[in-house]
file final.txt (compact mmCIF, C-alpha atoms)
# COMPACT_ATOMS: atom_id res chain seq x y z
CA MET Y 112 8.42 20.72 18.60
CA GLN Y 113 8.73 22.72 15.39
CA ARG Y 114 7.52 21.54 12.01
CA PHE Y 115 10.92 20.31 10.70
CA ASP Y 116 12.44 19.06 13.97
CA ARG Y 117 11.49 15.44 13.31
CA LEU Y 118 13.04 15.54 9.85
CA ARG Y 119 16.26 16.84 11.37
CA TYR Y 120 16.20 13.93 13.82
CA ILE Y 121 15.53 11.43 11.03
CA ARG Y 122 18.62 12.69 9.22
CA THR Y 123 20.76 11.74 12.23
CA LEU Y 124 19.68 8.08 11.87
CA ASP Y 125 21.05 5.41 9.57
CA PRO Y 126 18.54 4.40 6.84
CA ALA Y 127 19.89 0.85 6.79
CA GLU Y 128 20.27 0.18 10.51
CA ASP Y 129 17.35 2.32 11.71
CA HIS Y 130 14.92 1.67 8.86
CA LEU Y 131 12.04 0.57 11.11
CA GLU Y 132 12.27 3.66 13.32
CA ILE Y 133 12.54 5.99 10.33
CA TYR Y 134 9.69 4.32 8.47
CA ARG Y 135 7.47 4.40 11.56
CA LEU Y 136 8.21 8.10 12.15
CA THR Y 137 7.48 8.91 8.50
CA ALA Y 138 4.33 6.83 8.09
CA ALA Y 139 2.72 7.30 11.51
CA LEU Y 140 3.79 10.83 12.46
CA GLU Y 141 4.92 12.84 9.45
CA PHE Y 142 2.52 11.59 6.74
CA PRO Y 143 -0.17 9.24 8.13
CA TRP Y 144 -2.95 10.49 5.82
CA ASP Y 145 -0.68 10.51 2.78
CA TYR Y 146 0.65 7.05 3.49
CA THR Y 147 -2.89 5.70 3.78
CA ARG Y 148 -3.88 7.17 0.42
CA ALA Y 149 -0.61 6.18 -1.23
CA LEU Y 150 -0.75 2.56 -0.06
CA GLU Y 151 -4.36 2.35 -1.26
CA LEU Y 152 -3.14 3.52 -4.65
CA ALA Y 153 -0.17 1.15 -4.51
CA LEU Y 154 -2.40 -1.89 -4.07
CA TYR Y 155 -4.91 -0.60 -6.58
CA ARG Y 156 -2.40 -0.18 -9.38
CA THR Y 157 -1.29 -3.82 -9.02
CA TYR Y 158 -4.69 -4.85 -10.43
CA ALA Y 159 -3.56 -3.51 -13.82
CA VAL Y 160 -1.14 -6.43 -14.08
CA PRO Y 161 -3.54 -9.05 -15.51
CA SER Y 162 -2.06 -12.00 -13.63
CA ILE Y 163 -2.63 -10.15 -10.35
CA GLY Y 164 -6.01 -8.62 -11.12
CA ARG Y 165 -7.37 -11.86 -12.56
CA LEU Y 166 -6.35 -13.86 -9.48
CA LEU Y 167 -7.93 -11.32 -7.15
CA ALA Y 168 -11.16 -11.56 -9.14
CA GLU Y 169 -11.13 -15.35 -8.98
CA THR Y 170 -10.76 -15.36 -5.19
CA ALA Y 171 -13.80 -12.99 -4.99
CA GLU Y 172 -12.19 -11.32 -1.97
CA LEU Y 173 -12.11 -7.91 -3.66
CA THR Y 174 -15.44 -8.20 -5.46
CA GLU Y 175 -17.71 -9.83 -2.88
CA ARG Y 176 -15.95 -9.00 0.40
CA THR Y 177 -14.24 -5.76 -0.58
CA GLN Y 178 -14.43 -3.98 2.77
CA LYS Y 179 -13.10 -7.00 4.66
CA ARG Y 180 -10.23 -7.45 2.24
CA TYR Y 181 -9.38 -3.75 2.56
CA ASP Y 182 -9.51 -3.92 6.37
CA ASP Y 183 -7.49 -7.09 6.68
CA THR Y 184 -4.77 -5.97 4.28
CA SER Y 185 -4.40 -2.64 6.06
CA LEU Y 186 -4.35 -4.20 9.53
CA LEU Y 187 -1.86 -6.94 8.68
CA LEU Y 188 0.61 -4.51 7.12
CA ASP Y 189 -0.01 -2.06 9.96
CA ALA Y 190 0.81 -4.64 12.64
CA VAL Y 191 4.35 -4.97 11.31
CA VAL Y 192 4.85 -1.21 11.16
CA GLU Y 193 3.53 -0.65 14.68
CA HIS Y 194 5.15 -3.60 16.44
CA GLY Y 195 8.18 -4.48 14.32
CA PHE Y 196 9.50 -7.69 12.80
CA ASP Y 197 10.57 -9.31 16.06
CA HIS Y 198 7.42 -8.65 18.12
CA GLU Y 199 4.87 -11.46 18.34
CA GLN Y 200 2.18 -9.29 16.69
CA GLY Y 201 4.46 -8.49 13.78
CA ARG Y 202 5.52 -12.12 13.40
CA THR Y 203 1.91 -13.27 13.49
CA ALA Y 204 0.95 -10.76 10.78
CA ILE Y 205 3.78 -11.95 8.51
CA ARG Y 206 2.84 -15.56 9.15
CA ARG Y 207 -0.76 -14.84 8.10
CA ILE Y 208 0.37 -12.99 4.96
CA ASN Y 209 2.66 -15.85 3.97
CA ARG Y 210 0.13 -18.61 4.54
CA MET Y 211 -2.47 -16.80 2.44
CA HIS Y 212 -0.09 -16.09 -0.43
CA ARG Y 213 1.27 -19.63 -0.55
CA SER Y 214 -2.21 -20.99 -1.10
CA TYR Y 215 -2.19 -19.47 -4.59
CA ASP Y 216 0.00 -19.78 -7.65
CA ILE Y 217 1.65 -16.35 -7.46
CA SER Y 218 4.90 -15.75 -9.30
CA ASN Y 219 7.93 -14.32 -7.54
CA ASP Y 220 7.99 -11.50 -10.09
CA ASP Y 221 4.43 -10.47 -9.24
CA MET Y 222 5.19 -10.60 -5.51
CA ARG Y 223 8.30 -8.47 -5.99
CA TYR Y 224 6.36 -5.96 -8.07
CA VAL Y 225 3.69 -5.56 -5.38
CA LEU Y 226 6.45 -4.93 -2.84
CA CYS Y 227 7.92 -2.28 -5.16
CA THR Y 228 4.62 -0.39 -5.20
CA PHE Y 229 4.78 -0.06 -1.39
CA VAL Y 230 8.16 1.64 -1.69
CA VAL Y 231 7.75 3.80 -4.79
CA VAL Y 232 4.11 4.93 -4.85
CA PRO Y 233 4.21 6.61 -1.39
CA LYS Y 234 7.32 8.61 -2.29
CA ARG Y 235 5.80 9.78 -5.56
CA TRP Y 236 2.52 10.67 -3.85
CA ILE Y 237 4.21 12.58 -1.00
CA ASP Y 238 6.58 14.42 -3.35
CA ARG Y 239 3.53 15.60 -5.30
CA TYR Y 240 0.93 16.13 -2.58
CA GLY Y 241 2.59 16.04 0.84
CA TRP Y 242 3.42 19.00 3.05
CA ARG Y 243 7.08 18.44 2.13
CA ARG Y 244 8.99 16.07 -0.11
CA LEU Y 245 10.27 12.77 1.22
CA SER Y 246 13.94 12.97 2.17
CA ARG Y 247 16.59 10.62 0.81
CA HIS Y 248 16.92 9.11 4.30
CA GLU Y 249 13.20 8.32 4.37
CA ALA Y 250 13.15 6.86 0.86
CA GLU Y 251 16.14 4.60 1.56
CA ALA Y 252 14.69 3.58 4.94
CA ALA Y 253 11.43 2.61 3.22
CA ALA Y 254 13.42 0.54 0.73
CA ALA Y 255 15.30 -1.17 3.57
CA TYR Y 256 12.07 -1.75 5.51
CA TYR Y 257 10.37 -3.46 2.56
CA ARG Y 258 13.52 -5.43 1.71
CA THR Y 259 13.27 -6.82 5.23
CA LEU Y 260 9.58 -7.59 4.78
CA GLY Y 261 10.33 -9.17 1.42
CA ARG Y 262 12.94 -11.45 2.98
CA HIS Y 263 10.42 -12.57 5.60
CA MET Y 264 8.03 -13.34 2.74
CA GLY Y 265 10.61 -15.37 0.84
CA ILE Y 266 10.67 -13.04 -2.18
CA GLN Y 267 13.74 -13.51 -4.36
CA GLY Y 268 15.78 -10.90 -6.25
CA LEU Y 269 14.87 -7.97 -4.01
CA PRO Y 270 16.07 -4.53 -5.18
CA GLU Y 271 19.05 -3.16 -3.26
CA ASP Y 272 17.96 0.46 -2.79
CA TYR Y 273 15.21 2.95 -3.62
CA ALA Y 274 16.45 3.60 -7.17
CA ALA Y 275 16.42 -0.14 -7.88
CA PHE Y 276 12.88 -0.47 -6.48
CA GLU Y 277 11.78 2.38 -8.74
CA GLU Y 278 13.38 0.86 -11.83
CA CYS Y 279 11.85 -2.53 -11.03
CA LEU Y 280 8.38 -1.01 -10.72
CA ASP Y 281 8.58 1.09 -13.88
CA SER Y 282 9.98 -1.69 -16.06
CA TYR Y 283 7.45 -4.21 -14.76
CA GLU Y 284 4.54 -1.89 -15.47
CA ARG Y 285 5.80 -1.12 -18.97
CA ALA Y 286 6.02 -4.83 -19.69
CA HIS Y 287 2.87 -6.08 -17.96
CA PHE Y 288 0.17 -3.42 -17.64
CA GLY Y 289 -2.75 -4.44 -19.81
CA TRP Y 290 -6.47 -5.03 -20.15
CA ASP Y 291 -8.20 -7.89 -18.39
CA GLU Y 292 -11.95 -8.07 -17.94
CA LYS Y 293 -11.75 -9.73 -14.54
CA ALA Y 294 -9.20 -7.20 -13.31
CA ARG Y 295 -11.59 -4.44 -14.34
CA THR Y 296 -14.27 -5.91 -12.04
CA VAL Y 297 -11.80 -5.72 -9.14
CA SER Y 298 -11.02 -2.12 -10.02
CA ASP Y 299 -14.70 -1.19 -10.18
CA ALA Y 300 -15.38 -2.88 -6.84
CA THR Y 301 -12.53 -0.98 -5.23
CA LEU Y 302 -13.75 2.36 -6.58
CA ASP Y 303 -17.24 1.53 -5.30
CA LEU Y 304 -15.80 0.73 -1.87
CA MET Y 305 -14.00 4.05 -1.65
CA ALA Y 306 -17.15 5.91 -2.65
CA SER Y 307 -19.16 4.00 -0.01
CA TRP Y 308 -17.19 5.67 2.78
CA TYR Y 309 -18.95 8.97 2.04
CA PRO Y 310 -22.60 10.10 1.65
CA LYS Y 311 -24.21 8.31 -1.29
CA PRO Y 312 -25.02 11.45 -3.34
CA LEU Y 313 -21.29 12.17 -3.52
CA ALA Y 314 -20.42 8.79 -5.08
CA PRO Y 315 -20.22 9.94 -8.75
CA LEU Y 316 -18.13 12.96 -7.79
CA LEU Y 317 -15.77 10.86 -5.69
CA ARG Y 318 -15.31 8.32 -8.47
CA THR Y 319 -14.42 11.11 -10.90
CA ALA Y 320 -12.02 12.65 -8.38
CA THR Y 321 -10.31 9.30 -7.82
CA LEU Y 322 -9.85 8.72 -11.54
CA ALA Y 323 -8.41 12.23 -11.86
CA LEU Y 324 -5.59 11.20 -9.52
CA LEU Y 325 -4.58 8.21 -11.66
CA ASP Y 326 -1.92 8.29 -14.35
CA ASP Y 327 -2.71 7.55 -17.98
CA PRO Y 328 -1.08 4.07 -18.20
CA LEU Y 329 -3.23 2.93 -15.27
CA LEU Y 330 -6.42 4.43 -16.73
CA ASP Y 331 -5.66 2.90 -20.12
CA ALA Y 332 -5.05 -0.55 -18.65
CA PHE Y 333 -8.57 -0.52 -17.16
CA ARG Y 334 -10.03 1.23 -20.23
CA TYR Y 335 -11.40 4.13 -18.23
CA ASP Y 336 -12.01 7.41 -20.01
CA ARG Y 337 -9.32 9.91 -19.12
CA PRO Y 338 -10.67 12.82 -17.04
CA GLY Y 339 -10.44 16.20 -18.72
CA PRO Y 340 -7.52 18.58 -18.04
CA LEU Y 341 -9.70 20.92 -15.96
CA THR Y 342 -10.96 18.10 -13.75
CA ARG Y 343 -7.42 16.91 -13.18
CA ARG Y 344 -6.16 20.39 -12.32
CA VAL Y 345 -8.96 20.99 -9.84
CA VAL Y 346 -8.69 17.63 -8.09
CA ARG Y 347 -4.91 17.49 -7.95
CA GLY Y 348 -4.75 21.14 -6.94
CA ALA Y 349 -7.14 20.49 -4.06
CA VAL Y 350 -4.97 17.65 -2.74
CA ARG Y 351 -1.86 19.83 -3.04
CA LEU Y 352 -3.66 22.59 -1.17
CA ARG Y 353 -4.38 20.16 1.66
CA GLY Y 354 -0.66 19.45 1.91
CA ARG Y 355 0.15 23.14 2.14
CA ALA Y 356 -2.42 23.55 4.89
CA VAL Y 357 -0.89 20.66 6.87
CA ARG Y 358 2.50 22.36 6.64
CA LEU Y 359 1.07 25.29 8.60
CA MET Y 360 -0.23 23.04 11.39
CA SER Y 361 1.63 21.93 14.50
CA PRO Y 362 3.47 18.63 13.98
CA ARG Y 363 1.75 15.47 15.13
CA VAL Y 364 3.09 14.16 18.44
CA VAL Y 365 0.98 11.00 18.80
CA PRO Y 366 1.49 8.31 16.11
CA HIS Y 367 -1.48 7.42 13.95
CA TYR Y 368 -1.62 3.86 12.69
CA ALA Y 369 -3.82 2.36 9.99
CA ARG Y 370 -5.98 0.60 12.60
CA GLN Y 371 -7.17 4.06 13.65
CA ASN Y 372 -8.38 5.04 10.18
CA PRO Y 373 -12.13 5.60 9.83
CA GLU Y 374 -12.07 3.57 6.61
CA ILE Y 375 -11.47 0.42 8.70
CA LYS Y 376 -15.08 -0.57 9.37
CA GLY Y 377 -15.21 -4.33 9.84
CA TYR Y 378 -14.02 -4.67 13.44
CA PRO Y 379 -15.94 -2.29 15.73
CA ASP Y 380 -15.32 -4.62 18.69
CA GLY Y 381 -11.65 -5.20 17.98
CA TYR Y 382 -9.75 -7.99 16.24
CA ARG Y 383 -6.97 -10.54 16.66
CA VAL Y 384 -4.16 -10.41 14.15
CA ALA Y 385 -4.09 -14.22 13.96
CA GLU Y 386 -7.70 -14.21 12.73
CA LEU Y 387 -7.29 -11.60 9.99
CA GLY Y 388 -7.33 -12.46 6.32
CA THR Y 389 -8.55 -15.59 4.59
CA PHE Y 390 -8.02 -19.27 5.28
CA PRO Y 391 -8.10 -20.78 1.77
CA VAL Y 392 -8.88 -24.46 1.29
CA PRO Y 393 -7.29 -26.13 -1.77
CA GLY Y 394 -9.88 -27.02 -4.38
CA VAL Y 395 -12.36 -24.43 -3.16
CA ARG Y 396 -13.16 -21.37 -5.29
CA GLY Y 397 -10.18 -19.10 -5.69
CA CYS Y 398 -7.68 -21.59 -4.28
CA PRO Y 399 -6.64 -23.70 -7.28
CA VAL Y 400 -3.35 -25.04 -5.93
CA PRO Y 401 -2.39 -26.84 -2.72
CA HIS Y 402 -0.33 -25.17 -0.01
CA GLN Y 403 3.31 -25.16 -1.04
CA ALA Y 404 6.27 -24.78 1.26
CA ALA Y 405 8.90 -22.21 0.45
CA PRO Y 406 11.52 -23.55 -1.97
CA ALA Y 407 14.85 -24.53 -0.51
CA GLY Y 408 16.96 -21.50 0.32
CA ARG Y 409 14.05 -19.13 0.79
CA THR Y 410 13.78 -17.18 4.00
CA ALA Y 411 10.20 -16.98 5.17
CA GLU Y 412 8.46 -16.18 8.43
CA GLU Y 413 6.76 -19.33 9.70
CA GLY Y 414 6.54 -18.67 13.39
call {"tool": "encode", "arguments": {"input": "final.txt", "output": "structure tokens"}}
result
Amino acid sequence: MQRFDRLRYIRTLDPAEDHLEIYRLTAALEFPWDYTRALELALYRTYAVPSIGRLLAETAELTERTQKRYDDTSLLLDAVVEHGFDHEQGRTAIRRINRMHRSYDISNDDMRYVLCTFVVVPKRWIDRYGWRRLSRHEAEAAAAYYRTLGRHMGIQGLPEDYAAFEECLDSYERAHFGWDEKARTVSDATLDLMASWYPKPLAPLLRTATLALLDDPLLDAFRYDRPGPLTRRVVRGAVRLRGRAVRLMSPRVVPHYARQNPEIKGYPDGYRVAELGTFPVPGVRGCPVPHQAAPAGRTAEEG
């Protein structure tokens, strides 16, 4: 197989009908490292919406159990990518996601925004740092994939295509990004987690490098000092250089899923999808509202 053979195959598929196959090929074979980094960034930037960041702080999942929350989120999303929407593993993962979310008072708009980050942030990351840009087929397949996930989650008003996902994300961030002290604690905990994956003496350098990859509206929302132009050029240039090096390598032939990432550290002896995540109890810290069924007319995966 040559470097661009898989892209040529992807272009023979239909982004609407074959969205799962295209998304799986893109995320697990063409850009597994980039998708991991981009989805980390996607989730991270949602903290800058105060209603999201504040809730995450109140649950304490991302401040006191940061590694577990990272692992569980990655593994639940990964199960759907690897197994599909109709497989028992995929259905179980969606069921777990839904039952956790419905234990909290989360607005439909916030849920839709989070979904938008999963579509838009990876494309922007790969177009900037990947070994090639994401094709239109891949972008539209990602939009179709997350529309399908959104329907299973009962999210209303889902964007119709990639351009609509992008507009939804940008307009929501313009309207809602802002400072919140509790959200800042979640951000700090996440940065500390990422630094903990590497030797301790490198922690300050890694934190600086991570901040250098963030855009100004995100930095401003958390009130972080903006890295200097030289730091940004060096860090971003290094990540671009990695992408150019990957382009020279032989294409991956074995899919790489998130469960294989070294950053997943909480389950050395394996895990069951049905046991991932949290099991909130109404009235207990971080779970202020009782479980609510989906409103009439919503489509949601319940089993």
call {"tool": "residues_around", "arguments": {"input": "final.txt", "residues": "Y:Pro161", "least_positions_apart": "3", "cutoff": "8 Å", "atoms": "all atoms listed in the file", "output": "MDAnalysis selection string"}}
result
chainID Y and resid 158 164:165 287:291 294
call {"tool": "atom_distance", "arguments": {"input": "final.txt", "atom1": "atom CA of Y:Pro338", "atom2": "atom CA of Y:Ser298"}}
result
16.5 Å
call {"tool": "atom_distance", "arguments": {"input": "final.txt", "atom1": "atom CA of Y:Met211", "atom2": "atom CA of Y:Ala300"}}
result
21.1 Å
call {"tool": "residues_near_point", "arguments": {"input": "final.txt", "point": "(0.0, 23.3, 18.8)", "cutoff": "12 Å", "atoms": "all atoms listed in the file", "output": "ChimeraX atom specification"}}
result
/Y:112-114,359-364
call {"tool": "closest_residue", "arguments": {"input": "final.txt", "among": "Y:Arg262, Y:Arg243, Y:Arg119, Y:Lys311", "to": "Y:Arg358", "atoms": "all atoms listed in the file"}}
result
Y:Arg243
call {"tool": "residues_near_point", "arguments": {"input": "final.txt", "point": "(6.6, 0.7, 10.2)", "cutoff": "9 Å", "atoms": "all atoms listed in the file", "output": "list in words"}}
result
His130, Leu131, Glu132, Ile133, Tyr134, Arg135, Leu136, Thr137, Ala138, Ala139, Leu188, Asp189, Ala190, Val191, Val192, Glu193, His194, Gly195, Ala253 and Tyr256 of chain Y
call {"tool": "closest_residue", "arguments": {"input": "final.txt", "among": "Y:Thr296, Y:Tyr368, Y:Thr177, Y:Pro328", "to": "Y:Glu284", "atoms": "only C-alpha atoms"}}
result
Y:Pro328
